[in-house]
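Trainee: Take this structure, written in structure tokens, and hold onto it; I'll ask about it next.
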Amino acid sequence: MMKDDQQLSVLVIEDNPGDFMLIDDYLLEKFSAIKVIHQETFESAISELKSFENIDIILLDLILPDLKGEQLVEKVQEVSGNIPIIILTGYSDIELARKILSKGVSDFLIKDEISPEIIYKSIIYALERKSYIAKLNKNKKIYQDLFDFSPQPMWIFDPSTLRFLNVNKAAIDKYGYTLEEFKSMTIKDIRPKNHMEFLEKSLEERKRENRDSYAGVFYHTLKSGETICVEIYSNNIEYEGRTVRLILASDITEKQEYVSTVETQNKKLKEIAWTQSHVVRAPLARILSVIHVLEQDCVEPHDFPDLLEKIKMSGDELDKIIQNIVAETNTMMNLSNFEHGKNNNTGR
Amino acid sequence: MEKTIILVDDDPTFNWVSSKLIKKVSPDLKVIEFSNGREALDFLQDNFNEKDHYTILLDINMPEMNGWEFMNAIEQSDWVNSKSISVYIVSSSTDPSDMETAKTYGLIKDYLQKPLSFDVVTDIVSR
């Protein structure tokens, strides 16, 4: 039969020399590149674990001269970290071994039944399980990081109590509360006082519509007392066995201010265009009316100087109006540039 | 029946031009010029004769008494009658609300944009 050639370091903690020899034989029979480290007592095993870092698996006899049973397993686990532990036990201790299994050890083997195949299978299974759990934890961490370190403020709240269950770093930075403070608050506490009725109405509406996702624009209050305008996206998610609400909030206060500046500017421009078109029409109509008269050939020669004067006057008036339009538009533009620049500075 | 054209505008150029054009269409027509509503109202109160006909070319924005105030005054007078008086608003305003206001007066026949062309003047005079 082919031997498994993976490189393994196994720590066997066993005080009975006969039992150890048997296990050592079985291991060498199945693994070609195995390194077996033997310790006979709890104390020596602990110092071995502390000094030798590359142990892949631990085979632990449940009864050692200096410590035994549950307490032994717990103490070993304290220093073994995530190294899989396989318990070795006699018939008389099966109940105890079963109980210990729930503490996170990988497997237990009954000494009298151990064969090379059984010990091989148990080791391979424990190692596979370890790498699978490590992968799972890594994925879990990635998703946890996506929440914790997202640049967008996010939080989870319980829709029945409205309490914050978890809040990410961006939200803590944005709103100014610590995680502990957040966890003692409800979502009502970040709303302006006069928005309570609106909040209750919109929560009621969402409950009635029973929609999974929701988006909208709301006002929130920071710890500093400042009110910001936020765009909210939210979804129902499963969190620790119940349905909770995940909220993503982005601060659009500056964007809103910018939009309202542009709107005010447009309104002013429209006003300038409207009033000026009225004012422009008067001298223009006068010039055109003089042209009408000239076209009809009903003007006496002595009227000409007067007519010229009227045209000149209207021309001057038009010139003045156009200069006014330019000046007014410039004043407005300069003013709004200043306002926007100011916002940028205070926003950072 | 005597026909009189009354020009009411604070800008003398418009009165002068309208007057020239009217004289070209109908040299014998009586044309009187005023620079605001108050002057025109005083004239009508003193000289109105219900056997005659008065065509009034009326500007809106004027000092003293504007076009609308003038209209209110003559519509509330006890001598007015729609057979003797026709009013044409002549304005450089393109404000839709001015055109809507004009429609609320029974005496106003039309809303005309400045400047009046020879054809429009011909049309008004020959009515």
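Going by the structure tokens order, chains are called A, B, ..., each with residues numbered from 1, while ligands are numbered from 1 in the order shown.
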As a VMD selection string, please: all residues of region 9-72 of chain B that backbone DSSP puts in alpha helix (DSSP H).
Mentor: chain B and resid 12 to 25 37 to 47 67 to 72
Trainee: Would you write out those residues with C-alpha atoms, as a compact mmCIF listing (two decimals), in the first residue's frame?
Mentor:
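As written to disk, again.txt reads:
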```txt
# COMPACT_ATOMS: atom_id res chain seq x y z
CA PRO B 12 -43.22 111.34 -27.04
CA THR B 13 -41.55 109.39 -29.86
CA PHE B 14 -44.35 106.85 -30.00
CA ASN B 15 -47.05 109.51 -30.01
CA TRP B 16 -45.18 111.41 -32.70
CA VAL B 17 -44.71 108.30 -34.88
CA SER B 18 -48.30 107.11 -34.44
CA SER B 19 -49.54 110.57 -35.26
CA LYS B 20 -47.44 110.70 -38.46
CA LEU B 21 -48.68 107.30 -39.62
CA ILE B 22 -52.32 108.15 -38.86
CA LYS B 23 -52.06 111.44 -40.78
CA LYS B 24 -50.67 109.53 -43.75
CA VAL B 25 -53.67 107.15 -43.78
CA GLY B 37 -53.77 108.43 -18.24
CA ARG B 38 -54.65 111.37 -16.01
CA GLU B 39 -54.41 113.91 -18.90
CA ALA B 40 -56.49 111.69 -21.21
CA LEU B 41 -59.13 111.13 -18.49
CA ASP B 42 -59.41 114.89 -17.81
CA PHE B 43 -59.86 115.55 -21.53
CA LEU B 44 -62.61 112.93 -21.89
CA GLN B 45 -64.45 114.11 -18.77
CA ASP B 46 -64.56 117.65 -20.16
CA ASN B 47 -65.16 116.93 -23.85
CA GLY B 67 -53.07 102.28 -18.47
CA TRP B 68 -54.96 99.99 -16.08
CA GLU B 69 -55.83 102.84 -13.69
CA PHE B 70 -57.12 104.80 -16.68
CA MET B 71 -59.26 101.84 -17.76
CA ASN B 72 -60.68 101.40 -14.26
```
Trainee: Up to 6 Å from chain B, what residues of chain A turn up? Count only C-alpha atoms and give them as a PyMOL selection string.
Mentor: chain A and resi 281-282+285+289
Trainee: To test your reading of the structure, identify every residue in region 28-109 of chain B that backbone DSSP assigns to strand (DSSP E or B), and report it as an NGL selection string.
Mentor: :B and (30-34 or 53-58 or 85-91 or 108-109)
Trainee: Which is closer to His195 (chain A) than all the others in A:Tyr214, A:Ile252, A:Glu271, A:Thr221, using only C-alpha atoms?
Mentor: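 Result for the nearest residue to His195 (chain A): A:Thr221.
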Trainee: For Ser126 (chain B), find every residue with an atom within 12 Å (counting only C-alpha atoms), except residues of its own chain fewer than 5 positions away, and show them as an NGL selection string.
Mentor: :B and (3 or 5 or 22 or 25-26 or 29 or 55 or 119-121)
Trainee: Work out how far apart CA of Ile237 (chain A) and CA of Leu165 (chain A) are and give it in Å to one decimal.
Mentor: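 The value is 12.5 Å.
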